[in-house]
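Chemist: final03.cif (mmCIF, C-alpha atoms and all ligand atoms) pasted underneath:
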data_protein
loop_
_atom_site.group_PDB
_atom_site.id
_atom_site.type_symbol
_atom_site.label_atom_id
_atom_site.label_comp_id
_atom_site.auth_asym_id
_atom_site.auth_seq_id
_atom_site.Cartn_x
_atom_site.Cartn_y
_atom_site.Cartn_z
ATOM 1 C CA MET W 1 -19.786 3.003 -2.775
ATOM 2 C CA SER W 2 -20.769 6.646 -2.669
ATOM 3 C CA ILE W 3 -17.487 8.501 -3.114
ATOM 4 C CA ASP W 4 -18.138 11.700 -5.053
ATOM 5 C CA LEU W 5 -15.328 11.341 -7.568
ATOM 6 C CA GLU W 6 -15.720 14.834 -8.962
ATOM 7 C CA LYS W 7 -15.747 16.522 -5.581
ATOM 8 C CA ILE W 8 -12.877 14.815 -3.787
ATOM 9 C CA VAL W 9 -9.439 16.343 -4.252
ATOM 10 C CA ALA W 10 -7.458 13.102 -4.102
ATOM 11 C CA ILE W 11 -7.486 9.365 -3.420
ATOM 12 C CA ASP W 12 -4.853 8.196 -0.968
ATOM 13 C CA ILE W 13 -4.067 4.614 -1.970
ATOM 14 C CA HIS W 14 -2.074 3.758 1.163
ATOM 15 C CA THR W 15 -3.253 4.411 4.726
ATOM 16 C CA HIS W 16 -3.055 2.335 7.866
ATOM 17 C CA ALA W 17 -5.541 1.583 10.594
ATOM 18 C CA GLU W 18 -2.693 1.125 13.057
ATOM 19 C CA VAL W 19 -4.808 -0.307 15.849
ATOM 20 C CA GLY W 20 -8.164 -2.003 16.264
ATOM 21 C CA ARG W 21 -11.073 -0.587 18.223
ATOM 22 C CA GLY W 22 -10.153 -3.077 20.964
ATOM 23 C CA GLY W 23 -6.583 -1.718 21.041
ATOM 24 C CA GLN W 24 -5.077 -4.548 18.942
ATOM 25 C CA ASP W 25 -1.654 -3.468 17.685
ATOM 26 C CA GLY W 26 0.017 -5.930 15.309
ATOM 27 C CA LEU W 27 3.454 -4.326 15.692
ATOM 28 C CA ARG W 28 5.858 -5.411 18.412
ATOM 29 C CA PRO W 29 6.370 -2.640 21.004
ATOM 30 C CA GLU W 30 10.061 -2.284 20.086
ATOM 31 C CA TRP W 31 9.148 -1.861 16.371
ATOM 32 C CA ARG W 32 6.556 0.730 17.363
ATOM 33 C CA GLU W 33 9.160 2.672 19.383
ATOM 34 C CA ALA W 34 11.712 2.560 16.550
ATOM 35 C CA ALA W 35 9.092 3.630 13.968
ATOM 36 C CA LYS W 36 8.272 6.656 16.109
ATOM 37 C CA GLU W 37 11.945 7.571 16.002
ATOM 38 C CA TYR W 38 12.284 6.986 12.220
ATOM 39 C CA PHE W 39 9.099 8.694 11.021
ATOM 40 C CA GLY W 40 8.785 11.262 13.820
ATOM 41 C CA GLU W 41 5.125 10.224 14.148
ATOM 42 C CA ASP W 42 3.385 8.579 17.044
ATOM 43 C CA ALA W 43 -0.262 8.528 15.924
ATOM 44 C CA LYS W 44 -2.140 5.228 16.184
ATOM 45 C CA PRO W 45 -5.450 5.792 14.388
ATOM 46 C CA THR W 46 -8.258 3.261 14.294
ATOM 47 C CA VAL W 47 -10.179 2.882 11.049
ATOM 48 C CA ASP W 48 -12.789 5.297 12.440
ATOM 49 C CA ASP W 49 -10.109 7.939 12.983
ATOM 50 C CA VAL W 50 -8.928 7.498 9.388
ATOM 51 C CA ALA W 51 -12.479 8.149 8.108
ATOM 52 C CA VAL W 52 -12.833 11.380 10.115
ATOM 53 C CA TYR W 53 -9.386 12.591 9.093
ATOM 54 C CA TYR W 54 -9.913 12.049 5.363
ATOM 55 C CA ARG W 55 -13.472 13.376 5.308
ATOM 56 C CA GLU W 56 -12.185 16.634 6.839
ATOM 57 C CA ARG W 57 -9.774 16.916 3.929
ATOM 58 C CA ASN W 58 -12.278 16.003 1.234
ATOM 59 C CA MET W 59 -10.204 12.992 0.203
ATOM 60 C CA ALA W 60 -10.892 9.289 -0.177
ATOM 61 C CA ALA W 61 -8.531 6.707 1.289
ATOM 62 C CA VAL W 62 -7.698 3.064 0.838
ATOM 63 C CA VAL W 63 -7.281 1.710 4.374
ATOM 64 C CA PHE W 64 -5.805 -1.531 5.701
ATOM 65 C CA THR W 65 -4.053 -3.245 8.554
ATOM 66 C CA VAL W 66 -1.023 -5.557 8.464
ATOM 67 C CA ASP W 67 -1.659 -9.107 9.653
ATOM 68 C CA ALA W 68 1.534 -10.966 10.562
ATOM 69 C CA GLU W 69 0.241 -12.918 13.522
ATOM 70 C CA THR W 70 2.128 -16.145 12.749
ATOM 71 C CA VAL W 71 5.363 -14.119 12.910
ATOM 72 C CA THR W 72 4.622 -11.725 15.766
ATOM 73 C CA GLY W 73 2.093 -13.651 17.823
ATOM 74 C CA ARG W 74 0.098 -10.417 17.915
ATOM 75 C CA PRO W 75 -3.333 -9.887 16.353
ATOM 76 C CA SER W 76 -3.752 -6.694 14.330
ATOM 77 C CA ALA W 77 -6.886 -4.625 13.723
ATOM 78 C CA PRO W 78 -9.438 -7.105 12.299
ATOM 79 C CA ASN W 79 -10.101 -6.979 8.548
ATOM 80 C CA GLU W 80 -13.835 -7.318 9.239
ATOM 81 C CA GLU W 81 -13.756 -4.219 11.441
ATOM 82 C CA ILE W 82 -12.051 -2.223 8.700
ATOM 83 C CA ALA W 83 -14.520 -3.465 6.092
ATOM 84 C CA ALA W 84 -17.498 -2.627 8.308
ATOM 85 C CA ALA W 85 -16.169 0.863 9.036
ATOM 86 C CA ALA W 86 -15.546 1.385 5.321
ATOM 87 C CA ALA W 87 -19.140 0.352 4.580
ATOM 88 C CA ALA W 88 -20.368 2.823 7.199
ATOM 89 C CA ASN W 89 -18.123 5.547 5.716
ATOM 90 C CA ASP W 90 -18.387 4.648 2.053
ATOM 91 C CA ASP W 91 -18.114 8.289 0.992
ATOM 92 C CA VAL W 92 -14.495 8.231 2.193
ATOM 93 C CA LEU W 93 -13.021 4.770 2.774
ATOM 94 C CA ILE W 94 -12.094 1.922 0.420
ATOM 95 C CA PRO W 95 -11.267 -1.264 2.348
ATOM 96 C CA PHE W 96 -8.272 -3.462 1.598
ATOM 97 C CA ALA W 97 -7.523 -6.496 3.760
ATOM 98 C CA SER W 98 -4.274 -7.977 4.978
ATOM 99 C CA ILE W 99 -3.908 -11.713 5.459
ATOM 100 C CA ASP W 100 -0.775 -13.259 6.897
ATOM 101 C CA PRO W 101 0.245 -15.452 3.921
ATOM 102 C CA HIS W 102 1.484 -18.164 6.290
ATOM 103 C CA ARG W 103 -2.085 -18.813 7.438
ATOM 104 C CA PRO W 104 -3.065 -22.202 5.984
ATOM 105 C CA ASN W 105 -6.511 -20.863 4.971
ATOM 106 C CA ALA W 106 -5.232 -17.593 3.442
ATOM 107 C CA ALA W 107 -6.731 -18.208 -0.026
ATOM 108 C CA GLU W 108 -10.156 -19.012 1.420
ATOM 109 C CA GLU W 109 -9.874 -15.898 3.550
ATOM 110 C CA VAL W 110 -9.371 -13.851 0.380
ATOM 111 C CA ARG W 111 -12.593 -15.225 -1.102
ATOM 112 C CA ARG W 112 -14.532 -14.781 2.140
ATOM 113 C CA LEU W 113 -13.416 -11.183 2.631
ATOM 114 C CA VAL W 114 -14.243 -10.245 -0.963
ATOM 115 C CA ASP W 115 -17.598 -12.044 -1.104
ATOM 116 C CA ASP W 116 -18.920 -11.366 2.393
ATOM 117 C CA HIS W 117 -17.167 -8.124 3.350
ATOM 118 C CA ASN W 118 -16.750 -6.327 0.061
ATOM 119 C CA VAL W 119 -12.993 -5.949 0.437
ATOM 120 C CA ARG W 120 -11.504 -4.181 -2.616
ATOM 121 C CA GLY W 121 -7.848 -5.215 -2.509
ATOM 122 C CA PHE W 122 -5.102 -6.847 -0.450
ATOM 123 C CA LYS W 123 -1.985 -5.469 1.209
ATOM 124 C CA PHE W 124 1.172 -7.520 1.717
ATOM 125 C CA HIS W 125 4.200 -6.589 3.794
ATOM 126 C CA PRO W 126 6.906 -9.120 2.858
ATOM 127 C CA ASN W 127 9.345 -7.824 5.497
ATOM 128 C CA ILE W 128 7.008 -8.012 8.468
ATOM 129 C CA GLN W 129 5.233 -11.122 7.140
ATOM 130 C CA ALA W 130 8.621 -12.712 6.390
ATOM 131 C CA PHE W 131 8.017 -14.182 2.939
ATOM 132 C CA TYR W 132 9.260 -13.933 -0.615
ATOM 133 C CA PRO W 133 6.393 -12.760 -2.814
ATOM 134 C CA ASN W 134 7.449 -15.175 -5.568
ATOM 135 C CA ASP W 135 7.426 -18.255 -3.316
ATOM 136 C CA ARG W 136 4.997 -20.590 -5.079
ATOM 137 C CA THR W 137 3.626 -21.776 -1.750
ATOM 138 C CA PHE W 138 1.627 -18.565 -1.725
ATOM 139 C CA TYR W 139 0.372 -18.713 -5.312
ATOM 140 C CA PRO W 140 -3.129 -19.940 -4.350
ATOM 141 C CA ILE W 141 -3.571 -16.619 -2.533
ATOM 142 C CA TYR W 142 -2.769 -14.646 -5.699
ATOM 143 C CA GLU W 143 -5.013 -16.942 -7.735
ATOM 144 C CA ALA W 144 -7.924 -15.997 -5.480
ATOM 145 C CA ILE W 145 -7.083 -12.281 -5.671
ATOM 146 C CA GLU W 146 -6.708 -12.388 -9.457
ATOM 147 C CA GLU W 147 -10.047 -14.158 -9.724
ATOM 148 C CA ALA W 148 -11.683 -11.478 -7.561
ATOM 149 C CA GLY W 149 -10.305 -8.841 -9.954
ATOM 150 C CA VAL W 150 -8.944 -6.619 -7.176
ATOM 151 C CA PRO W 151 -5.374 -5.307 -6.706
ATOM 152 C CA ALA W 152 -2.577 -6.787 -4.597
ATOM 153 C CA LEU W 153 -0.367 -4.135 -3.016
ATOM 154 C CA PHE W 154 3.144 -5.090 -1.878
ATOM 155 C CA HIS W 155 5.363 -3.078 0.404
ATOM 156 C CA THR W 156 8.676 -2.705 -1.463
ATOM 157 C CA GLY W 157 12.082 -1.305 -0.560
ATOM 158 C CA HIS W 158 13.412 -0.217 2.802
ATOM 159 C CA SER W 159 11.271 -0.820 5.851
ATOM 160 C CA GLY W 160 10.824 1.910 8.433
ATOM 161 C CA ILE W 161 9.662 -0.857 10.755
ATOM 162 C CA GLY W 162 12.715 -2.178 12.582
ATOM 163 C CA THR W 163 14.967 0.646 11.388
ATOM 164 C CA GLY W 164 17.668 1.553 13.922
ATOM 165 C CA LEU W 165 17.208 -1.513 16.115
ATOM 166 C CA PRO W 166 19.932 -4.086 16.736
ATOM 167 C CA GLY W 167 19.423 -6.683 14.017
ATOM 168 C CA GLY W 168 16.674 -4.499 12.571
ATOM 169 C CA GLY W 169 14.333 -5.971 15.177
ATOM 170 C CA GLY W 170 14.576 -9.326 13.354
ATOM 171 C CA ILE W 171 13.187 -7.880 10.101
ATOM 172 C CA ARG W 172 14.919 -8.893 6.863
ATOM 173 C CA LEU W 173 15.128 -6.424 3.984
ATOM 174 C CA LYS W 174 15.712 -9.049 1.272
ATOM 175 C CA TYR W 175 12.006 -9.878 1.008
ATOM 176 C CA SER W 176 11.000 -6.460 -0.305
ATOM 177 C CA ASN W 177 13.088 -6.278 -3.472
ATOM 178 C CA PRO W 178 10.471 -5.475 -6.135
ATOM 179 C CA MET W 179 12.177 -7.925 -8.496
ATOM 180 C CA HIS W 180 10.527 -10.773 -6.529
ATOM 181 C CA VAL W 181 7.157 -9.306 -7.521
ATOM 182 C CA ASP W 182 8.214 -9.440 -11.186
ATOM 183 C CA ASP W 183 7.727 -13.231 -11.046
ATOM 184 C CA VAL W 184 4.240 -12.747 -9.612
ATOM 185 C CA ALA W 185 3.395 -10.346 -12.443
ATOM 186 C CA VAL W 186 4.582 -12.892 -15.022
ATOM 187 C CA ASP W 187 2.706 -15.802 -13.482
ATOM 188 C CA PHE W 188 -0.494 -13.781 -12.884
ATOM 189 C CA PRO W 189 -0.763 -11.510 -15.938
ATOM 190 C CA HIS W 190 -4.296 -10.422 -14.967
ATOM 191 C CA LEU W 191 -3.449 -9.647 -11.346
ATOM 192 C CA LYS W 192 -3.317 -5.900 -10.772
ATOM 193 C CA ILE W 193 -0.240 -5.145 -8.680
ATOM 194 C CA VAL W 194 0.897 -2.071 -6.774
ATOM 195 C CA LEU W 195 4.538 -1.726 -5.749
ATOM 196 C CA ALA W 196 4.257 0.444 -2.670
ATOM 197 C CA HIS W 197 6.709 3.259 -1.956
ATOM 198 C CA PRO W 198 9.777 4.589 -3.685
ATOM 199 C CA SER W 199 11.621 1.260 -3.476
ATOM 200 C CA PHE W 200 14.976 2.427 -2.079
ATOM 201 C CA PRO W 201 17.517 0.805 -2.504
ATOM 202 C CA TRP W 202 15.846 -0.826 -5.533
ATOM 203 C CA GLN W 203 14.198 2.124 -7.245
ATOM 204 C CA ASP W 204 15.436 1.227 -10.716
ATOM 205 C CA GLU W 205 14.176 -2.334 -10.302
ATOM 206 C CA ALA W 206 10.688 -1.065 -9.447
ATOM 207 C CA ILE W 207 10.614 1.272 -12.453
ATOM 208 C CA SER W 208 11.807 -1.510 -14.732
ATOM 209 C CA VAL W 209 9.160 -3.965 -13.467
ATOM 210 C CA ALA W 210 6.374 -1.397 -13.914
ATOM 211 C CA LEU W 211 7.600 -0.414 -17.386
ATOM 212 C CA HIS W 212 7.766 -4.033 -18.448
ATOM 213 C CA LYS W 213 4.570 -5.400 -16.871
ATOM 214 C CA LYS W 214 1.523 -3.465 -17.934
ATOM 215 C CA GLN W 215 -0.598 -4.331 -14.884
ATOM 216 C CA VAL W 216 1.976 -3.025 -12.367
ATOM 217 C CA TYR W 217 1.514 0.333 -10.629
ATOM 218 C CA ILE W 218 3.757 2.259 -8.228
ATOM 219 C CA ASP W 219 2.465 4.111 -5.183
ATOM 220 C CA LEU W 220 4.428 7.095 -3.940
ATOM 221 C CA SER W 221 3.713 6.636 -0.241
ATOM 222 C CA GLY W 222 6.003 6.600 2.753
ATOM 223 C CA TRP W 223 8.356 9.294 1.535
ATOM 224 C CA SER W 224 8.038 13.026 1.177
ATOM 225 C CA PRO W 225 8.128 13.934 -2.538
ATOM 226 C CA LYS W 226 11.058 16.153 -1.562
ATOM 227 C CA TYR W 227 13.216 13.024 -1.357
ATOM 228 C CA PHE W 228 11.996 11.128 -4.426
ATOM 229 C CA PRO W 229 14.867 9.870 -6.595
ATOM 230 C CA PRO W 230 14.995 11.887 -9.847
ATOM 231 C CA GLN W 231 14.413 8.855 -12.075
ATOM 232 C CA LEU W 232 11.127 8.132 -10.295
ATOM 233 C CA VAL W 233 9.879 11.653 -11.022
ATOM 234 C CA ARG W 234 11.120 11.398 -14.622
ATOM 235 C CA TYR W 235 9.225 8.160 -15.327
ATOM 236 C CA ALA W 236 6.136 9.393 -13.456
ATOM 237 C CA ASN W 237 6.121 12.352 -15.838
ATOM 238 C CA THR W 238 6.526 10.211 -18.946
ATOM 239 C CA GLN W 239 6.160 6.455 -19.621
ATOM 240 C CA LEU W 240 4.583 5.609 -16.256
ATOM 241 C CA ARG W 241 2.258 8.594 -15.976
ATOM 242 C CA ASP W 242 -0.814 6.330 -16.054
ATOM 243 C CA ARG W 243 0.490 3.996 -13.382
ATOM 244 C CA VAL W 244 1.779 6.163 -10.559
ATOM 245 C CA LEU W 245 -0.441 6.741 -7.532
ATOM 246 C CA PHE W 246 -0.701 9.190 -4.661
ATOM 247 C CA GLY W 247 -0.283 7.488 -1.315
ATOM 248 C CA SER W 248 0.847 8.888 2.001
ATOM 249 C CA ASP W 249 1.381 5.897 4.342
ATOM 250 C CA PHE W 250 -0.730 7.783 6.906
ATOM 251 C CA PRO W 251 -0.170 8.122 9.814
ATOM 252 C CA MET W 252 3.597 7.708 9.275
ATOM 253 C CA ILE W 253 3.525 10.478 6.645
ATOM 254 C CA THR W 254 0.490 12.784 6.659
ATOM 255 C CA PRO W 255 -1.237 13.661 3.380
ATOM 256 C CA ASP W 256 -0.902 17.328 4.366
ATOM 257 C CA ARG W 257 2.865 17.119 4.411
ATOM 258 C CA TRP W 258 2.986 14.895 1.320
ATOM 259 C CA LEU W 259 0.794 17.222 -0.747
ATOM 260 C CA ALA W 260 2.666 20.360 0.343
ATOM 261 C CA ASP W 261 5.940 18.805 -0.808
ATOM 262 C CA PHE W 262 4.308 17.399 -3.991
ATOM 263 C CA GLU W 263 3.399 21.003 -4.962
ATOM 264 C CA LYS W 264 7.077 21.915 -4.950
ATOM 265 C CA ALA W 265 8.336 18.772 -6.660
ATOM 266 C CA GLU W 266 9.018 18.652 -10.397
ATOM 267 C CA PHE W 267 5.866 16.954 -11.623
ATOM 268 C CA LYS W 268 4.228 18.180 -14.819
ATOM 269 C CA ASP W 269 0.916 19.987 -14.345
ATOM 270 C CA GLU W 270 -0.959 17.588 -16.618
ATOM 271 C CA VAL W 271 0.394 14.595 -14.695
ATOM 272 C CA ARG W 272 -0.607 15.792 -11.205
ATOM 273 C CA PRO W 273 -4.340 14.980 -11.513
ATOM 274 C CA LEU W 274 -3.475 11.516 -12.848
ATOM 275 C CA ILE W 275 -1.330 10.794 -9.791
ATOM 276 C CA LEU W 276 -3.745 12.326 -7.289
ATOM 277 C CA LYS W 277 -6.947 10.757 -8.531
ATOM 278 C CA GLU W 278 -7.414 9.446 -12.063
ATOM 279 C CA ASN W 279 -4.993 6.515 -11.960
ATOM 280 C CA ALA W 280 -6.517 5.272 -8.700
ATOM 281 C CA ILE W 281 -10.048 5.580 -10.119
ATOM 282 C CA ARG W 282 -9.018 3.348 -13.029
ATOM 283 C CA LEU W 283 -7.078 0.839 -10.900
ATOM 284 C CA LEU W 284 -9.870 0.479 -8.343
ATOM 285 C CA GLU W 285 -12.616 0.627 -10.998
ATOM 286 C CA LEU W 286 -14.481 3.315 -9.082
ATOM 287 C CA ARG W 287 -16.267 4.800 -12.082
HETATM 288 ZN ZN ZN W 301 2.260 0.714 4.401
#
Step by step, read the file and then write its structure as structure tokens.
Modeler:
Amino acid sequence: MSIDLEKIVAIDIHTHAEVGRGGQDGLRPEWREAAKEYFGEDAKPTVDDVAVYYRERNMAAVVFTVDAETVTGRPSAPNEEIAAAAAANDDVLIPFASIDPHRPNAAEEVRRLVDDHNVRGFKFHPNIQAFYPNDRTFYPIYEAIEEAGVPALFHTGHSGIGTGLPGGGGIRLKYSNPMHVDDVAVDFPHLKIVLAHPSFPWQDEAISVALHKKQVYIDLSGWSPKYFPPQLVRYANTQLRDRVLFGSDFPMITPDRWLADFEKAEFKDEVRPLILKENAIRLLELR
């Protein structure tokens, strides 16, 4: 990895390669339409587009897809493609993988992607992948991730995907209560965990889990800092200052917009560099 940690201005812990080079789009067309409406964004970058975009901004980015093929019947951008692009752009990109937890070989896939493709973490989306994070059926997957020593990142809180559709497009919100991840943190005390997003309507739950479980981080992606609940900003400035991470959720929220609104939000000056870069460097062991 050749990221120049002194030179880059920030590390974005949460970006999406929305489509594969072959046009694979893991989201159902009706979810895609509704997401456009909800986020006001229609960009569908490949992993190559993400590299160009972040290099222009002198930032590094963690990039991943969302694999939910057993639920949607649709393949997403391949993890191997993302890993290969990250290797070719290792001054900018840090590859995470996404494995549909319902795949019978998911734990072996974790080991294969870490060993053979240098994947540096795993993203889960309990709403789209339709699973409770604390369902023990999936524990072998976490065992493999813990053993690899890389983070597991869970979408938490409201899901923009499905928002505004009749029946939420079939997506259930119950899966993304961060309290389900509390069990995972107890049962895997050496597994580094990221609770993604301000976890509306369970923000206090997310703060409590992170306060209580030392290996749990919170990423601030998917929302403009303008709309962060005050208690999230308060804890980010104090007890959780070492465990809060900059993330945009690009392309749904752009880092440009996020950072402009972060400037104006009530974060302490000494905490800003921790959120933008230092906490991610420690979590991802980049130094
Ligand atoms: Zn995301």
Chemist: Please evaluate the PyMOL selection byres (((not hetatm)) within 9 of (chain W and resi 301)) against the displayed coordinates and give the resulting residues as a list in words.
Modeler: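 Applying the PyMOL selection byres (((not hetatm)) within 9 of (chain W and resi 301)) to the structure shown produces His14, Thr15, His16, Phe64, Thr65, Val66, Lys123, Phe124, His125, Phe154, His155, Ala196, His197, Ser221, Gly222, Ser248, Asp249, Phe250 and Met252 of chain W.
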Chemist: By how many Å are atom CA of W:Val181 and atom CA of W:Asp25 apart?
Modeler: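 It comes out at 27.3 Å.
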Chemist: Between W:Ile141, W:Asp204, W:Asn127, W:Leu153, which residue has the minimum interatomic distance to W:Ser176, considering all atoms listed in the file?
Modeler: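 The shortest atom-to-atom distance to W:Ser176 comes from W:Asn127.
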Chemist: Taking the file above as input, evaluate the PyMOL selection byres (((chain W and resi 273-283) around 7) and not hetatm) and report the hits as a short mmCIF file (atom, residue, chain, number, x, y, z; two decimals) with C-alpha atoms, in the coordinates of the input.
Modeler:
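Saved to selection_3.cif:
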data_model
loop_
_atom_site.label_atom_id
_atom_site.label_comp_id
_atom_site.auth_asym_id
_atom_site.auth_seq_id
_atom_site.Cartn_x
_atom_site.Cartn_y
_atom_site.Cartn_z
CA ALA W 10 -7.46 13.10 -4.10
CA ILE W 11 -7.49 9.36 -3.42
CA ASP W 242 -0.81 6.33 -16.05
CA ARG W 243 0.49 4.00 -13.38
CA VAL W 244 1.78 6.16 -10.56
CA LEU W 245 -0.44 6.74 -7.53
CA PHE W 246 -0.70 9.19 -4.66
CA GLU W 270 -0.96 17.59 -16.62
CA VAL W 271 0.39 14.60 -14.70
CA ARG W 272 -0.61 15.79 -11.20
CA LEU W 284 -9.87 0.48 -8.34
CA GLU W 285 -12.62 0.63 -11.00
CA LEU W 286 -14.48 3.32 -9.08
CA ARG W 287 -16.27 4.80 -12.08
#
Chemist: One decimal, Å: what's the distance from atom CA of W:Asp116 over to atom CA of W:Pro78, could you say?
Modeler: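 Separating atom CA of W:Asp116 from atom CA of W:Pro78 is a distance of 14.4 Å.
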Chemist: Name the residues that the PyMOL selection byres (((chain W and resi 29-43) around 7) and not hetatm) pulls out of this structure, and write them as a PyMOL selection string.
Modeler: chain W and resi 27-28+44-45+160-165+169+251-252
Chemist: Let me make sure I understand: among W:Ala144, W:Ala17, W:Leu191, W:Ile8, which one has the smallest atom-to-atom distance to W:Glu108 if we use only C-alpha atoms?
Modeler: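 Smallest separation from W:Glu108 among the options: W:Ala144.
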Chemist: Have a look at W:Ile99, W:Ala106, W:Val92, W:Val186 and name the one nearest to W:Glu80; count only C-alpha atoms.
Modeler: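 Using only C-alpha atoms, W:Glu80 sits closest to W:Ile99.
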Chemist: Atom CA of W:Leu173 and atom CA of W:His158 are how many Å apart?
Modeler: 6.5 Å
Chemist: List the neighbours of W:Pro225 out to 10 Å using all atoms listed in the file; skip same-chain residues closer than 4 positions along the sequence, and give me the result as a list in words.
Modeler: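 Close residues of W:Pro225: Pro198, Leu220, Ser221, Pro229, Val233, Ser248, Arg257, Trp258, Leu259, Ala260, Asp261, Phe262, Glu263, Lys264, Ala265, Glu266 and Phe267 of chain W.
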Chemist: Keeping only C-alpha atoms, write the selected residues as a compact mmCIF listing (two decimals), keeping the file's coordinate frame.
Modeler:
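Writing the result to out22.txt gives the following:
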# COMPACT_ATOMS: atom_id res chain seq x y z
CA PRO W 198 9.78 4.59 -3.68
CA LEU W 220 4.43 7.10 -3.94
CA SER W 221 3.71 6.64 -0.24
CA PRO W 229 14.87 9.87 -6.60
CA VAL W 233 9.88 11.65 -11.02
CA SER W 248 0.85 8.89 2.00
CA ARG W 257 2.86 17.12 4.41
CA TRP W 258 2.99 14.90 1.32
CA LEU W 259 0.79 17.22 -0.75
CA ALA W 260 2.67 20.36 0.34
CA ASP W 261 5.94 18.80 -0.81
CA PHE W 262 4.31 17.40 -3.99
CA GLU W 263 3.40 21.00 -4.96
CA LYS W 264 7.08 21.92 -4.95
CA ALA W 265 8.34 18.77 -6.66
CA GLU W 266 9.02 18.65 -10.40
CA PHE W 267 5.87 16.95 -11.62
Chemist: What lies within 10 Å of W:Asp100 using only C-alpha atoms, ignoring chain neighbours under 3 positions off, as a list in words?
Modeler: Val66, Asp67, Ala68, Glu69, Thr70, Val71, Arg103, Pro104, Asn105, Ala106, Lys123, Phe124, His125, Pro126, Ile128, Gln129, Ala130 and Phe131 of chain W
Chemist: List the neighbours of W:Ala206 out to 12 Å using only C-alpha atoms; skip same-chain residues closer than 3 positions along the sequence, and give me the result as a ChimeraX atom specification.
Modeler: /W:154-157,176-182,193-203,209-213,216-220,231-232,235,240,244
Chemist: Restricting the calculation to only C-alpha atoms: of W:Val119, W:Ile207, W:Ile94, W:Ala83, which residue gets closest to W:Tyr54?
Modeler: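 Selected residue with least distance to W:Tyr54: W:Ile94.
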Chemist: Could you add whatever atoms are missing so that stretch 207-218 of chain W carries N, CA, C and O atoms, then write the result as a CSV table (one decimal), keeping the file's coordinate frame?
Modeler:
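Okay, out00.csv is ready:
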chain,number,residue,atom,x,y,z
W,207,ILE,N,11.0,0.6,-11.2
W,207,ILE,CA,10.6,1.3,-12.5
W,207,ILE,C,10.6,0.3,-13.6
W,207,ILE,O,9.7,0.3,-14.5
W,208,SER,N,11.7,-0.5,-13.6
W,208,SER,CA,11.8,-1.5,-14.7
W,208,SER,C,10.6,-2.5,-14.7
W,208,SER,O,10.1,-2.8,-15.8
W,209,VAL,N,10.3,-3.0,-13.6
W,209,VAL,CA,9.2,-4.0,-13.5
W,209,VAL,C,7.9,-3.3,-14.0
W,209,VAL,O,7.1,-3.9,-14.7
W,210,ALA,N,7.6,-2.1,-13.5
W,210,ALA,CA,6.4,-1.4,-13.9
W,210,ALA,C,6.4,-1.1,-15.4
W,210,ALA,O,5.3,-1.2,-16.1
W,211,LEU,N,7.5,-0.7,-15.9
W,211,LEU,CA,7.6,-0.4,-17.4
W,211,LEU,C,7.3,-1.7,-18.2
W,211,LEU,O,6.6,-1.6,-19.2
W,212,HIS,N,7.8,-2.8,-17.7
W,212,HIS,CA,7.8,-4.0,-18.4
W,212,HIS,C,6.4,-4.8,-18.3
W,212,HIS,O,6.0,-5.4,-19.2
W,213,LYS,N,5.8,-4.7,-17.2
W,213,LYS,CA,4.6,-5.4,-16.9
W,213,LYS,C,3.4,-4.4,-16.8
W,213,LYS,O,3.3,-3.6,-15.9
W,214,LYS,N,2.5,-4.5,-17.8
W,214,LYS,CA,1.5,-3.5,-17.9
W,214,LYS,C,0.6,-3.3,-16.7
W,214,LYS,O,0.0,-2.3,-16.5
W,215,GLN,N,0.4,-4.4,-16.0
W,215,GLN,CA,-0.6,-4.3,-14.9
W,215,GLN,C,0.0,-3.9,-13.6
W,215,GLN,O,-0.6,-4.0,-12.5
W,216,VAL,N,1.3,-3.4,-13.6
W,216,VAL,CA,2.0,-3.0,-12.4
W,216,VAL,C,2.0,-1.5,-12.2
W,216,VAL,O,2.4,-0.8,-13.1
W,217,TYR,N,1.6,-1.1,-11.0
W,217,TYR,CA,1.5,0.3,-10.6
W,217,TYR,C,2.6,0.6,-9.5
W,217,TYR,O,3.0,-0.3,-8.9
W,218,ILE,N,2.9,1.9,-9.3
W,218,ILE,CA,3.8,2.3,-8.2
W,218,ILE,C,3.0,3.3,-7.4
W,218,ILE,O,2.5,4.3,-7.9
